[in-house]
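Written out below as structure tokens is the structure these notes cover.
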Amino acid sequence: MRGRVLLWISLSLNLAMAAVWVYFPRVGTDSYDALAVMPPTADTGKVYKTNVVVRRQNFTWNEIESRDYPAYIANLRAIGCPESTIRDIIVAEVNQLFARRRATEVVTAEQQWWRSEPDADVTEAASDKLKSLEEERRALLTTLLGPQWESSYYPYPEHPNTLPLDGPALGSLPPETKQAVRDIEGRAAERRQAYLDAVQKGGKQPDPVELARLRQQTRAELGEVLNPEQLEEYLLRYSGSATTLRGELHGINLTPDQFRALFRQTDALDQQLQLLAGATDAASVAQRRVWE
């Protein structure tokens, strides 16, 4: 009796599962077909509007910057740049322009390294040229920005407490190279002062040989940022060897080529002599006599 009940229960479950399998696929297919065929109901009484948003394309600084200063100012104003910022930008641009002109157009007495004495006419001409450039700079800024552009800071030289880097060879150096030279000069001054302070603290006199080594270190560092022509121009103007040579040639007017030839012949010997200063051994004394 119990087995017959289980048989009827099993048969009932099988029939129920068959009915589900037959019915539900048809409902799903019919519903999907109905959705695919029937178009959505149109609401003819409602008006739809399309909003078109126009966005300005991103710009680059190259599109704003211009060599034509009036156009440059107009471009800055077109993007809504504040007038105070426009003034700062234009003043900086004009100052850089005239800094380059100062460095390349003004001939100073320092640039004539072959003269034992400064040429008074060159000094006067340089002063007149600097004054003319300053007047031109201020007139240009007044024309571009009006009389209230308010920028009187325009030092000469560009770094007041450093050696001028101007003239044909040094004046056209890129700003980053000039800054590298300034950094080398600063480190050289710090090394020299630190050595002198240490010697003084120890109650001793500075060693000329050590000072010569410090100068050679500075020259080597300059040679890493300046090409041979630029380095020679720097040394002709500011090295101790060139200064000594000018003193020895006092009253003798040489051409640039003559002075350069003498400098090339004596500079290397001067460096070697400086490294032997104070040496007392027989070999060093004999070598010093040969170079002298």
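Convention: chains lettered A, B, ... in structure tokens order; per-chain residue numbering from 1; ligands numbered from 1 as shown.
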Write out as a list in words each polymer residue whose atoms come within 9 Å of Leu214 (chain A), counting only C-alpha atoms; drop sequence neighbours fewer than 4 positions from it. Ala188, Arg191, Arg192, Val209, Glu210, Thr218 and Arg219 of chain A
With N, CA and C atoms retained, export the selected residues as a compact mmCIF listing (two decimals), in the first residue's frame.
```
# COMPACT_ATOMS: atom_id res chain seq x y z
N ALA A 188 82.57 78.96 -5.93
CA ALA A 188 84.00 79.27 -5.85
C ALA A 188 84.27 80.26 -4.72
N ARG A 191 83.98 78.43 -1.39
CA ARG A 191 85.13 77.56 -1.10
C ARG A 191 86.33 78.39 -0.66
N ARG A 192 86.58 79.46 -1.37
CA ARG A 192 87.74 80.30 -1.05
C ARG A 192 87.59 80.91 0.35
N VAL A 209 99.62 77.70 -3.12
CA VAL A 209 99.35 76.50 -3.93
C VAL A 209 97.90 76.06 -3.77
N GLU A 210 97.39 76.09 -2.54
CA GLU A 210 95.99 75.70 -2.33
C GLU A 210 95.05 76.68 -3.01
N THR A 218 87.65 75.91 -10.14
CA THR A 218 86.63 76.79 -10.71
C THR A 218 86.71 76.81 -12.23
N ARG A 219 87.93 76.87 -12.76
CA ARG A 219 88.10 76.89 -14.22
C ARG A 219 87.59 75.59 -14.83
```
Can you list every residue in region 92-268 of chain A that DSSP puts in alpha helix (DSSP H), as number ranges by chain? A: 92-105, 120-145, 167-170, 175-201, 208-225, 228-238, 240-248, 256-268
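For the pair CA of Asn227 (chain A) and CA of Gln179 (chain A), the interatomic distance is 15.3 Å.
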Record the distance separating CA of Leu222 (chain A) and CA of Pro174 (chain A), expressed in Å with one decimal.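 A separation of 14.7 Å between them.
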Extract, using only C-alpha atoms, all DNA, RNA and protein residues at most 12 Å from region 181-185 of chain A, discarding same-chain residues fewer than 5 positions from it, and format them as a PyMOL selection string. chain A and resi 158-165+170+173-176+190-192+214-215+217-226+230-231+234+238
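Non-sequential neighbours of Glu124 (chain A) (distance at most 12 Å, separation of 6 or more positions within a chain, only C-alpha atoms) are Val106, Val107, Thr108, Ala109, Pro118, Leu130 and Lys131 of chain A.
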Could you write those residues out with C-alpha atoms, as a PDB file, in the first residue's frame?
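New file out-v3.pdb:
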```pdb
ATOM      1  CA  VAL A 106      76.435  97.741 -25.454  1.00  0.00           C
ATOM      2  CA  VAL A 107      80.233  97.689 -25.746  1.00  0.00           C
ATOM      3  CA  THR A 108      81.784  98.248 -22.326  1.00  0.00           C
ATOM      4  CA  ALA A 109      85.385  98.806 -21.295  1.00  0.00           C
ATOM      5  CA  PRO A 118      90.053 101.428 -20.011  1.00  0.00           C
ATOM      6  CA  LEU A 130      72.461 102.342 -21.830  1.00  0.00           C
ATOM      7  CA  LYS A 131      70.589 105.583 -21.319  1.00  0.00           C
TER       8      LYS A 131
END
```
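Going from CA of Gly247 (chain A) over to CA of Phe259 (chain A), you cover 12.2 Å.
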Between A:Ser241, A:Gln272, A:Ser284, A:Asn253, which residue has the minimum interatomic distance to Asp119 (chain A), considering only C-alpha atoms? A:Asn253
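Using only C-alpha atoms, the protein and nucleic acid residues lying no more than 10 Å from Gly171 (chain A), apart from those fewer than 5 places from it along its own chain, are Ala99, Arg100, Arg101, Arg102, Ala103, Thr104, Glu105, Val106, Pro164, Leu165, Asp166 and Lys178 of chain A.
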Could you name the residues that touch Thr255 (chain A) at 12 Å or less, counting only C-alpha atoms, but leaving out those on the same chain fewer than 3 positions away, as a PyMOL selection string? chain A and resi 112-116+252+258-262
Selection near Asn95 (chain A), 10 Å with only C-alpha atoms, sequence-local residues under 2 positions removed, as a list in words: Ile89, Ile90, Val91, Ala92, Glu93, Leu97, Phe98, Ala99, Arg100, Arg101, Glu134, Arg137, Arg138, Leu141, Ser151, Tyr153 and Tyr154 of chain A
